[in-house]
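Colleague: Contents of work06.cif (mmCIF, C-alpha atoms) are given next:
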data_work
#
loop_
_atom_site.group_PDB
_atom_site.id
_atom_site.type_symbol
_atom_site.label_atom_id
_atom_site.label_comp_id
_atom_site.auth_asym_id
_atom_site.auth_seq_id
_atom_site.Cartn_x
_atom_site.Cartn_y
_atom_site.Cartn_z
ATOM 1 C CA MET A 1 -0.732 -11.643 -18.315
ATOM 2 C CA GLU A 2 1.326 -9.530 -15.909
ATOM 3 C CA VAL A 3 4.578 -8.137 -17.263
ATOM 4 C CA THR A 4 7.218 -6.024 -15.509
ATOM 5 C CA PHE A 5 10.059 -3.847 -16.758
ATOM 6 C CA LYS A 6 12.789 -1.726 -15.178
ATOM 7 C CA HIS A 7 13.141 2.035 -15.535
ATOM 8 C CA THR A 8 15.059 4.715 -13.660
ATOM 9 C CA LYS A 9 13.421 6.694 -10.842
ATOM 10 C CA THR A 10 14.555 9.738 -8.872
ATOM 11 C CA PHE A 11 14.798 9.257 -5.096
ATOM 12 C CA ARG A 12 15.308 11.837 -2.383
ATOM 13 C CA TYR A 13 16.870 11.930 1.056
ATOM 14 C CA GLU A 14 17.543 14.426 3.828
ATOM 15 C CA ILE A 15 20.820 15.184 5.635
ATOM 16 C CA ILE A 16 21.746 16.992 8.835
ATOM 17 C CA ASN A 17 25.264 17.375 10.291
ATOM 18 C CA GLY A 18 26.633 16.843 6.788
ATOM 19 C CA GLY A 19 29.860 18.785 7.134
ATOM 20 C CA PRO A 20 33.126 17.759 5.455
ATOM 21 C CA GLU A 21 34.400 16.501 8.807
ATOM 22 C CA ALA A 22 31.673 13.841 9.043
ATOM 23 C CA LYS A 23 33.208 10.469 9.934
ATOM 24 C CA THR A 24 30.106 8.659 11.228
ATOM 25 C CA VAL A 25 26.770 8.248 9.480
ATOM 26 C CA LEU A 26 23.455 7.182 10.959
ATOM 27 C CA TYR A 27 20.907 6.116 8.370
ATOM 28 C CA VAL A 28 17.349 6.536 9.674
ATOM 29 C CA LEU A 29 14.456 4.812 7.893
ATOM 30 C CA HIS A 30 11.035 6.337 8.536
ATOM 31 C CA GLY A 31 7.771 4.554 9.276
ATOM 32 C CA TYR A 32 4.633 4.087 7.198
ATOM 33 C CA GLY A 33 2.979 7.303 6.072
ATOM 34 C CA GLN A 34 5.914 9.543 6.990
ATOM 35 C CA LEU A 35 8.246 11.669 4.872
ATOM 36 C CA ALA A 36 12.000 11.989 5.288
ATOM 37 C CA LYS A 37 11.919 15.792 5.712
ATOM 38 C CA HIS A 38 9.658 15.467 8.752
ATOM 39 C CA PHE A 39 11.159 12.292 10.187
ATOM 40 C CA ILE A 40 14.698 13.658 10.235
ATOM 41 C CA GLN A 41 13.583 16.477 12.551
ATOM 42 C CA LYS A 42 13.424 13.906 15.342
ATOM 43 C CA PHE A 43 17.229 13.650 15.145
ATOM 44 C CA THR A 44 18.241 17.314 15.274
ATOM 45 C CA ARG A 45 19.754 16.940 18.752
ATOM 46 C CA VAL A 46 21.989 14.045 17.841
ATOM 47 C CA PRO A 47 25.693 14.841 18.474
ATOM 48 C CA LYS A 48 27.104 16.978 15.675
ATOM 49 C CA ASP A 49 29.805 14.447 14.886
ATOM 50 C CA ILE A 50 27.124 12.001 13.647
ATOM 51 C CA MET A 51 25.752 12.767 10.198
ATOM 52 C CA ILE A 52 22.080 11.815 9.841
ATOM 53 C CA VAL A 53 20.846 10.555 6.475
ATOM 54 C CA ALA A 54 17.121 9.926 6.046
ATOM 55 C CA PRO A 55 16.158 8.181 2.796
ATOM 56 C CA GLU A 56 12.558 8.481 1.687
ATOM 57 C CA ALA A 57 10.562 5.418 0.656
ATOM 58 C CA MET A 58 9.711 5.255 -3.027
ATOM 59 C CA HIS A 59 5.912 5.066 -2.768
ATOM 60 C CA ARG A 60 4.271 8.407 -1.874
ATOM 61 C CA PHE A 61 0.532 8.826 -1.332
ATOM 62 C CA TYR A 62 -2.068 11.052 0.320
ATOM 63 C CA ASN A 63 -2.578 9.944 3.904
ATOM 64 C CA SER A 64 -6.268 10.745 3.716
ATOM 65 C CA GLY A 65 -8.415 10.979 0.611
ATOM 66 C CA THR A 66 -7.091 12.684 -2.511
ATOM 67 C CA GLY A 67 -5.331 15.678 -1.015
ATOM 68 C CA GLY A 68 -3.642 17.127 2.031
ATOM 69 C CA ARG A 69 -0.797 15.533 3.949
ATOM 70 C CA VAL A 70 1.472 13.189 1.986
ATOM 71 C CA GLY A 71 3.256 10.142 3.352
ATOM 72 C CA ALA A 72 5.422 7.384 1.939
ATOM 73 C CA SER A 73 5.592 3.614 2.239
ATOM 74 C CA TRP A 74 8.421 1.164 1.707
ATOM 75 C CA MET A 75 6.037 -1.446 0.305
ATOM 76 C CA THR A 76 2.578 -2.957 0.331
ATOM 77 C CA LYS A 77 1.431 -6.530 -0.249
ATOM 78 C CA GLU A 78 1.410 -5.874 -4.013
ATOM 79 C CA MET A 79 4.696 -6.892 -5.715
ATOM 80 C CA ARG A 80 6.194 -7.167 -2.246
ATOM 81 C CA GLU A 81 9.305 -9.135 -3.191
ATOM 82 C CA VAL A 82 10.083 -6.781 -6.073
ATOM 83 C CA ASP A 83 9.736 -3.727 -3.843
ATOM 84 C CA ILE A 84 11.991 -5.296 -1.214
ATOM 85 C CA ALA A 85 14.694 -5.893 -3.829
ATOM 86 C CA ASP A 86 14.272 -2.360 -5.213
ATOM 87 C CA ASN A 87 14.515 -0.885 -1.700
ATOM 88 C CA ILE A 88 17.791 -2.676 -1.015
ATOM 89 C CA ALA A 89 19.252 -1.703 -4.388
ATOM 90 C CA CYS A 90 18.286 1.938 -3.871
ATOM 91 C CA LEU A 91 19.664 2.047 -0.332
ATOM 92 C CA ASP A 92 22.895 0.406 -1.492
ATOM 93 C CA ALA A 93 23.237 3.097 -4.171
ATOM 94 C CA LEU A 94 22.619 5.817 -1.590
ATOM 95 C CA ASP A 95 25.282 4.420 0.717
ATOM 96 C CA ALA A 96 27.735 4.233 -2.184
ATOM 97 C CA LYS A 97 27.043 7.919 -2.916
ATOM 98 C CA ILE A 98 27.472 8.931 0.730
ATOM 99 C CA SER A 99 30.653 6.876 1.057
ATOM 100 C CA GLU A 100 32.089 8.554 -2.031
ATOM 101 C CA GLU A 101 31.264 12.075 -0.862
ATOM 102 C CA TYR A 102 32.329 11.699 2.778
ATOM 103 C CA SER A 103 35.191 9.966 4.572
ATOM 104 C CA ILE A 104 32.925 7.678 6.577
ATOM 105 C CA GLU A 105 34.556 5.401 9.141
ATOM 106 C CA ARG A 106 31.512 4.142 11.072
ATOM 107 C CA LYS A 107 27.983 3.366 9.907
ATOM 108 C CA TYR A 108 24.881 2.956 12.055
ATOM 109 C CA LEU A 109 21.379 2.021 10.905
ATOM 110 C CA LEU A 110 18.074 2.839 12.614
ATOM 111 C CA GLY A 111 14.654 1.771 11.391
ATOM 112 C CA PHE A 112 11.388 2.957 12.902
ATOM 113 C CA SER A 113 8.121 0.979 12.572
ATOM 114 C CA GLN A 114 7.805 -0.127 8.925
ATOM 115 C CA GLY A 115 11.295 1.233 8.392
ATOM 116 C CA GLY A 116 12.570 -1.227 11.010
ATOM 117 C CA SER A 117 11.715 -4.218 8.851
ATOM 118 C CA THR A 118 13.310 -2.494 5.873
ATOM 119 C CA ALA A 119 16.428 -1.818 7.948
ATOM 120 C CA ILE A 120 16.678 -5.491 8.919
ATOM 121 C CA ARG A 121 16.403 -6.573 5.292
ATOM 122 C CA TRP A 122 19.048 -4.027 4.267
ATOM 123 C CA LYS A 123 21.388 -5.161 7.032
ATOM 124 C CA ILE A 124 21.048 -8.797 5.955
ATOM 125 C CA HIS A 125 21.101 -8.442 2.176
ATOM 126 C CA GLY A 126 22.689 -5.061 1.484
ATOM 127 C CA LYS A 127 26.292 -4.178 0.760
ATOM 128 C CA PRO A 128 27.163 -1.826 3.675
ATOM 129 C CA LYS A 129 28.724 -3.176 6.839
ATOM 130 C CA PHE A 130 26.935 -1.525 9.742
ATOM 131 C CA ASP A 131 28.541 -1.167 13.160
ATOM 132 C CA SER A 132 25.144 -1.118 14.847
ATOM 133 C CA LEU A 133 21.493 -1.781 13.995
ATOM 134 C CA ILE A 134 18.731 -0.103 16.004
ATOM 135 C CA VAL A 135 15.202 -1.408 15.437
ATOM 136 C CA TRP A 136 12.516 0.849 16.902
ATOM 137 C CA ALA A 137 8.922 -0.356 17.428
ATOM 138 C CA SER A 138 8.988 -2.788 14.534
ATOM 139 C CA SER A 139 8.087 -6.407 13.974
ATOM 140 C CA PHE A 140 10.734 -8.758 12.620
ATOM 141 C CA PRO A 141 10.187 -9.572 8.922
ATOM 142 C CA PRO A 142 8.993 -13.203 8.918
ATOM 143 C CA GLU A 143 10.832 -14.161 5.747
ATOM 144 C CA GLU A 144 14.154 -13.278 7.425
ATOM 145 C CA ILE A 145 13.813 -15.476 10.510
ATOM 146 C CA ASP A 146 16.161 -18.085 9.031
ATOM 147 C CA ASN A 147 18.715 -15.315 8.435
ATOM 148 C CA ALA A 148 18.456 -13.835 11.940
ATOM 149 C CA GLY A 149 21.778 -15.385 12.893
ATOM 150 C CA ARG A 150 23.489 -12.982 10.492
ATOM 151 C CA LEU A 151 22.400 -10.099 12.717
ATOM 152 C CA MET A 152 24.227 -11.277 15.839
ATOM 153 C CA ASN A 153 26.068 -8.226 17.137
ATOM 154 C CA SER A 154 26.513 -7.001 20.697
ATOM 155 C CA SER A 155 25.779 -3.467 19.490
ATOM 156 C CA ASN A 156 22.303 -4.163 18.053
ATOM 157 C CA HIS A 157 19.323 -2.753 19.943
ATOM 158 C CA MET A 158 15.547 -3.115 19.917
ATOM 159 C CA LEU A 159 13.351 -0.400 21.454
ATOM 160 C CA ILE A 160 9.624 -0.139 22.065
ATOM 161 C CA GLY A 161 7.417 2.175 24.123
ATOM 162 C CA SER A 162 5.314 0.874 27.014
ATOM 163 C CA ASP A 163 2.246 2.653 25.609
ATOM 164 C CA ASP A 164 2.785 1.826 21.946
ATOM 165 C CA GLU A 165 -0.700 2.089 20.468
ATOM 166 C CA LEU A 166 0.097 -0.451 17.736
ATOM 167 C CA CYS A 167 1.366 -3.189 20.040
ATOM 168 C CA ASN A 168 -0.300 -4.296 23.303
ATOM 169 C CA GLN A 169 1.567 -5.517 26.368
ATOM 170 C CA GLU A 170 1.405 -9.215 25.458
ATOM 171 C CA GLU A 171 2.534 -8.526 21.893
ATOM 172 C CA GLN A 172 5.384 -6.397 23.216
ATOM 173 C CA LYS A 173 6.533 -9.208 25.491
ATOM 174 C CA ILE A 174 6.593 -11.690 22.604
ATOM 175 C CA LEU A 175 8.369 -9.206 20.353
ATOM 176 C CA MET A 176 11.063 -8.415 22.911
ATOM 177 C CA GLU A 177 11.681 -12.107 23.547
ATOM 178 C CA GLU A 178 12.047 -12.710 19.817
ATOM 179 C CA TYR A 179 14.579 -9.942 19.335
ATOM 180 C CA ALA A 180 16.487 -11.025 22.450
ATOM 181 C CA SER A 181 16.811 -14.496 20.937
ATOM 182 C CA TYR A 182 18.501 -12.877 17.921
ATOM 183 C CA GLY A 183 21.088 -11.198 20.114
ATOM 184 C CA PHE A 184 19.537 -7.735 20.350
ATOM 185 C CA LYS A 185 19.792 -5.705 23.538
ATOM 186 C CA ILE A 186 16.248 -4.811 24.551
ATOM 187 C CA SER A 187 15.412 -1.293 25.737
ATOM 188 C CA PRO A 188 11.759 -0.738 26.638
ATOM 189 C CA TYR A 189 10.872 2.808 27.648
ATOM 190 C CA ILE A 190 7.854 4.769 28.847
ATOM 191 C CA GLY A 191 6.262 6.250 25.752
ATOM 192 C CA THR A 192 4.152 5.775 22.643
ATOM 193 C CA HIS A 193 4.755 4.709 19.027
ATOM 194 C CA ASP A 194 7.281 7.442 18.320
ATOM 195 C CA ILE A 195 10.961 8.312 18.577
ATOM 196 C CA ASN A 196 11.599 9.165 22.223
ATOM 197 C CA GLU A 197 14.337 11.794 22.463
ATOM 198 C CA ILE A 198 15.767 10.715 25.827
ATOM 199 C CA THR A 199 15.837 7.048 24.789
ATOM 200 C CA LEU A 200 17.449 7.957 21.458
ATOM 201 C CA THR A 201 20.158 9.941 23.228
ATOM 202 C CA ASN A 202 20.871 7.078 25.625
ATOM 203 C CA ILE A 203 21.082 4.432 22.903
ATOM 204 C CA LEU A 204 23.313 6.503 20.657
ATOM 205 C CA GLY A 205 25.499 7.248 23.643
ATOM 206 C CA LYS A 206 26.026 3.519 24.150
ATOM 207 C CA VAL A 207 26.557 2.773 20.478
ATOM 208 C CA HIS A 208 28.806 5.711 19.683
ATOM 209 C CA SER A 209 31.073 5.221 22.683
ATOM 210 C CA ILE A 210 32.116 1.687 21.700
#
What is this file in structure tokens?

Modeller:
Amino acid sequence: MEVTFKHTKTFRYEIINGGPEAKTVLYVLHGYGQLAKHFIQKFTRVPKDIMIVAPEAMHRFYNSGTGGRVGASWMTKEMREVDIADNIACLDALDAKISEEYSIERKYLLGFSQGGSTAIRWKIHGKPKFDSLIVWASSFPPEEIDNAGRLMNSSNHMLIGSDDELCNQEEQKILMEEYASYGFKISPYIGTHDINEITLTNILGKVHSI
């Protein structure tokens, strides 16, 4: 008989541009097998008036074998629904902490790869009200299709690289059409399954100027 129980856990996150004058926050959710301290380095050239907060997923593991490089995952197929609920609760608590410590006026959310699905779930079911959602190289979580209408926002964007090694051309076409049907602005770019600096700068320029 399977039994579950709740217990506290310590989470970590990374911040850049976290000065007292911070008025805008961009939460960035990393992909499968990444760590927040490495992922946040992709955002070091973001305008200084945007504070970057990178939460780390709760499940850490060795990327290969029993040693070496460590990565983290937002969930697996085991206890999936429980992990989804725990992710949202943890992210809500993080946002409450950030909102208490800083005078935040605007909130953006970016999710890359596996973090994109987590970002969508947080946007739909979480407490924060985000001014923009940016989904980068991520499939749409199938259980949220009926809730896609709650994402309708002219400032939501979906990005994917032309040479994404995890998604072929036909799959990309289907994915872009799906996101477009949910009201996302689609921004394909020349590149692989990674955060493209030029594309990031362009998208944030559009979002942050509104």

Colleague: Expand the PyMOL selection byres ((chain A and resi 15) around 7) into the individual residues it matches in the shown file, reporting them as number ranges by chain.

Modeller: A: 13-14, 16-18, 52-54

Colleague: Name all residues at most 10 Å from Gly149 (chain A) (count only C-alpha atoms; drop same-chain ones fewer than 6 positions away) and give them as a list of chain:residue names.

Modeller: A:Ile124, A:Ser181, A:Tyr182, A:Gly183

Colleague: Return as a PyMOL selection string the set of residues that the PyMOL selection byres ((chain A and resi 119) around 9) yields on the displayed structure.

Modeller: chain A and resi 28-29+109-112+114-118+120-124+133-135

Colleague: What do you get, as a count of residues only, if you spell out every residue that the PyMOL selection byres ((chain A and resi 50) around 12) selects here?

Modeller: 35

Colleague: Every residue with an atom at most 12 Å from (3.4, -2.9, -12.5) (file coordinates; only C-alpha atoms) is what I'm after, so could you write them as a ChimeraX atom specification?

Modeller: /A:1-7,78-80,82-83

Colleague: Neighbours of region 32-39 of chain A within 6 Å (all atoms listed in the file; same-chain residues fewer than 2 positions away dropped), as a VMD selection string?

Modeller: chain A and resid 41 to 42 54 56 71 to 73 114

Colleague: CA of His125 (chain A) and CA of Leu94 (chain A), how far apart in Å?

Modeller: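 Here the two named atoms are 14.8 Å from each other.
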
Colleague: Quote the spacing between CA of Glu101 (chain A) and CA of Pro55 (chain A) in Å to one decimal place.

Modeller: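 We find that CA of Glu101 (chain A) and CA of Pro55 (chain A) lie 16.0 Å from each other.
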
Colleague: Can you save region 36-177 of chain A of the given block to a file, including C-alpha atoms and formatted as an mmCIF file, in the first residue's frame?

Modeller:
data_model
loop_
_atom_site.group_PDB
_atom_site.id
_atom_site.type_symbol
_atom_site.label_atom_id
_atom_site.label_comp_id
_atom_site.auth_asym_id
_atom_site.auth_seq_id
_atom_site.Cartn_x
_atom_site.Cartn_y
_atom_site.Cartn_z
ATOM 1 C CA ALA A 36 19.820 27.337 -11.726
ATOM 2 C CA LYS A 37 23.379 28.620 -11.147
ATOM 3 C CA HIS A 38 24.364 27.675 -14.696
ATOM 4 C CA PHE A 39 21.080 28.521 -16.396
ATOM 5 C CA ILE A 40 20.967 32.058 -15.032
ATOM 6 C CA GLN A 41 24.281 32.833 -16.755
ATOM 7 C CA LYS A 42 22.370 32.924 -20.036
ATOM 8 C CA PHE A 43 20.641 36.093 -18.791
ATOM 9 C CA THR A 44 23.612 38.177 -17.653
ATOM 10 C CA ARG A 45 23.153 40.675 -20.495
ATOM 11 C CA VAL A 46 19.526 41.377 -19.749
ATOM 12 C CA PRO A 47 18.908 45.097 -19.022
ATOM 13 C CA LYS A 48 19.937 45.961 -15.474
ATOM 14 C CA ASP A 49 16.478 47.229 -14.607
ATOM 15 C CA ILE A 50 15.114 43.657 -14.905
ATOM 16 C CA MET A 51 15.880 41.416 -11.945
ATOM 17 C CA ILE A 52 16.381 37.778 -12.957
ATOM 18 C CA VAL A 53 15.255 35.051 -10.561
ATOM 19 C CA ALA A 54 16.062 31.441 -11.438
ATOM 20 C CA PRO A 55 14.405 28.842 -9.195
ATOM 21 C CA GLU A 56 15.920 25.380 -9.168
ATOM 22 C CA ALA A 57 13.757 22.290 -9.613
ATOM 23 C CA MET A 58 13.442 20.125 -6.527
ATOM 24 C CA HIS A 59 14.771 16.845 -7.944
ATOM 25 C CA ARG A 60 18.574 16.795 -8.380
ATOM 26 C CA PHE A 61 20.473 13.864 -9.880
ATOM 27 C CA TYR A 62 23.731 12.909 -11.589
ATOM 28 C CA ASN A 63 23.398 13.448 -15.322
ATOM 29 C CA SER A 64 25.528 10.408 -16.037
ATOM 30 C CA GLY A 65 26.154 7.452 -13.762
ATOM 31 C CA THR A 66 26.779 7.982 -10.056
ATOM 32 C CA GLY A 67 29.033 11.018 -10.126
ATOM 33 C CA GLY A 68 30.112 14.083 -12.043
ATOM 34 C CA ARG A 69 27.817 16.779 -13.375
ATOM 35 C CA VAL A 70 24.538 17.292 -11.510
ATOM 36 C CA GLY A 71 21.251 18.399 -13.029
ATOM 37 C CA ALA A 72 17.708 18.897 -11.807
ATOM 38 C CA SER A 73 14.243 17.971 -13.016
ATOM 39 C CA TRP A 74 10.842 19.472 -12.326
ATOM 40 C CA MET A 75 9.193 16.047 -12.428
ATOM 41 C CA THR A 76 9.153 12.561 -13.874
ATOM 42 C CA LYS A 77 6.258 10.219 -14.616
ATOM 43 C CA GLU A 78 6.359 9.007 -10.993
ATOM 44 C CA MET A 79 3.932 10.922 -8.719
ATOM 45 C CA ARG A 80 3.569 13.435 -11.531
ATOM 46 C CA GLU A 81 0.444 15.181 -10.252
ATOM 47 C CA VAL A 82 1.905 15.528 -6.759
ATOM 48 C CA ASP A 83 5.125 17.016 -8.114
ATOM 49 C CA ILE A 84 3.176 19.469 -10.268
ATOM 50 C CA ALA A 85 1.237 20.669 -7.219
ATOM 51 C CA ASP A 86 4.438 20.898 -5.151
ATOM 52 C CA ASN A 87 6.162 22.881 -7.920
ATOM 53 C CA ILE A 88 3.355 25.433 -8.043
ATOM 54 C CA ALA A 89 3.225 25.760 -4.256
ATOM 55 C CA CYS A 90 6.990 26.255 -4.069
ATOM 56 C CA LEU A 91 7.033 28.809 -6.880
ATOM 57 C CA ASP A 92 4.132 30.682 -5.283
ATOM 58 C CA ALA A 93 6.096 30.831 -2.019
ATOM 59 C CA LEU A 94 9.164 32.108 -3.862
ATOM 60 C CA ASP A 95 7.170 34.852 -5.555
ATOM 61 C CA ALA A 96 5.663 35.855 -2.210
ATOM 62 C CA LYS A 97 9.195 36.139 -0.781
ATOM 63 C CA ILE A 98 10.444 38.189 -3.738
ATOM 64 C CA SER A 99 7.383 40.442 -3.629
ATOM 65 C CA GLU A 100 7.946 41.075 0.071
ATOM 66 C CA GLU A 101 11.634 41.897 -0.328
ATOM 67 C CA TYR A 102 11.369 44.063 -3.453
ATOM 68 C CA SER A 103 8.923 46.684 -4.702
ATOM 69 C CA ILE A 104 7.980 44.732 -7.814
ATOM 70 C CA GLU A 105 5.616 46.394 -10.279
ATOM 71 C CA ARG A 106 5.902 44.057 -13.286
ATOM 72 C CA LYS A 107 6.399 40.298 -13.467
ATOM 73 C CA TYR A 108 7.512 38.259 -16.470
ATOM 74 C CA LEU A 109 7.856 34.479 -16.698
ATOM 75 C CA LEU A 110 10.109 32.486 -19.037
ATOM 76 C CA GLY A 111 10.291 28.709 -19.208
ATOM 77 C CA PHE A 112 12.837 26.792 -21.258
ATOM 78 C CA SER A 113 12.250 23.194 -22.442
ATOM 79 C CA GLN A 114 10.872 21.213 -19.475
ATOM 80 C CA GLY A 115 10.693 24.491 -17.593
ATOM 81 C CA GLY A 116 8.308 25.803 -20.261
ATOM 82 C CA SER A 117 5.619 23.312 -19.313
ATOM 83 C CA THR A 118 6.176 24.140 -15.653
ATOM 84 C CA ALA A 119 5.868 27.847 -16.456
ATOM 85 C CA ILE A 120 2.550 27.271 -18.232
ATOM 86 C CA ARG A 121 1.181 25.341 -15.265
ATOM 87 C CA TRP A 122 2.346 28.070 -12.873
ATOM 88 C CA LYS A 123 0.779 30.787 -15.013
ATOM 89 C CA ILE A 124 -2.553 28.944 -15.074
ATOM 90 C CA HIS A 125 -2.757 27.696 -11.494
ATOM 91 C CA GLY A 126 -0.378 29.890 -9.504
ATOM 92 C CA LYS A 127 -1.060 33.044 -7.538
ATOM 93 C CA PRO A 128 1.141 35.630 -9.342
ATOM 94 C CA LYS A 129 -0.269 37.745 -12.136
ATOM 95 C CA PHE A 130 2.319 37.782 -14.904
ATOM 96 C CA ASP A 131 2.485 40.569 -17.472
ATOM 97 C CA SER A 132 4.068 38.246 -20.018
ATOM 98 C CA LEU A 133 4.758 34.531 -20.494
ATOM 99 C CA ILE A 134 7.626 33.396 -22.723
ATOM 100 C CA VAL A 135 7.721 29.693 -23.592
ATOM 101 C CA TRP A 136 11.015 28.602 -25.146
ATOM 102 C CA ALA A 137 11.374 25.280 -27.013
ATOM 103 C CA SER A 138 8.740 23.496 -24.969
ATOM 104 C CA SER A 139 5.710 21.361 -25.668
ATOM 105 C CA PHE A 140 2.360 22.429 -24.250
ATOM 106 C CA PRO A 141 1.332 20.319 -21.230
ATOM 107 C CA PRO A 142 -1.521 18.132 -22.528
ATOM 108 C CA GLU A 143 -3.532 18.257 -19.319
ATOM 109 C CA GLU A 144 -3.782 22.060 -19.643
ATOM 110 C CA ILE A 145 -5.242 22.219 -23.151
ATOM 111 C CA ASP A 146 -8.729 22.897 -21.775
ATOM 112 C CA ASN A 147 -7.267 25.778 -19.746
ATOM 113 C CA ALA A 148 -5.346 27.322 -22.655
ATOM 114 C CA GLY A 149 -7.916 30.089 -22.948
ATOM 115 C CA ARG A 150 -6.705 31.446 -19.607
ATOM 116 C CA LEU A 151 -3.354 32.231 -21.222
ATOM 117 C CA MET A 152 -4.716 34.617 -23.853
ATOM 118 C CA ASN A 153 -2.469 37.668 -23.702
ATOM 119 C CA SER A 154 -1.044 39.766 -26.519
ATOM 120 C CA SER A 155 2.302 39.788 -24.707
ATOM 121 C CA ASN A 156 2.817 35.999 -24.602
ATOM 122 C CA HIS A 157 5.508 34.544 -26.856
ATOM 123 C CA MET A 158 6.632 31.124 -28.049
ATOM 124 C CA LEU A 159 10.164 30.632 -29.405
ATOM 125 C CA ILE A 160 11.924 27.687 -31.006
ATOM 126 C CA GLY A 161 15.164 27.254 -32.949
ATOM 127 C CA SER A 162 15.177 26.083 -36.568
ATOM 128 C CA ASP A 163 17.797 23.441 -35.726
ATOM 129 C CA ASP A 164 16.342 22.289 -32.416
ATOM 130 C CA GLU A 165 17.729 18.778 -32.027
ATOM 131 C CA LEU A 166 14.736 17.659 -29.943
ATOM 132 C CA CYS A 167 12.057 18.763 -32.397
ATOM 133 C CA ASN A 168 12.128 18.173 -36.178
ATOM 134 C CA GLN A 169 10.705 20.559 -38.757
ATOM 135 C CA GLU A 170 7.271 18.916 -38.934
ATOM 136 C CA GLU A 171 6.984 18.793 -35.144
ATOM 137 C CA GLN A 172 8.005 22.443 -34.957
ATOM 138 C CA LYS A 173 5.301 23.408 -37.438
ATOM 139 C CA ILE A 174 2.625 21.605 -35.416
ATOM 140 C CA LEU A 175 3.904 23.101 -32.173
ATOM 141 C CA MET A 176 3.929 26.654 -33.515
ATOM 142 C CA GLU A 177 0.406 26.268 -34.879
#
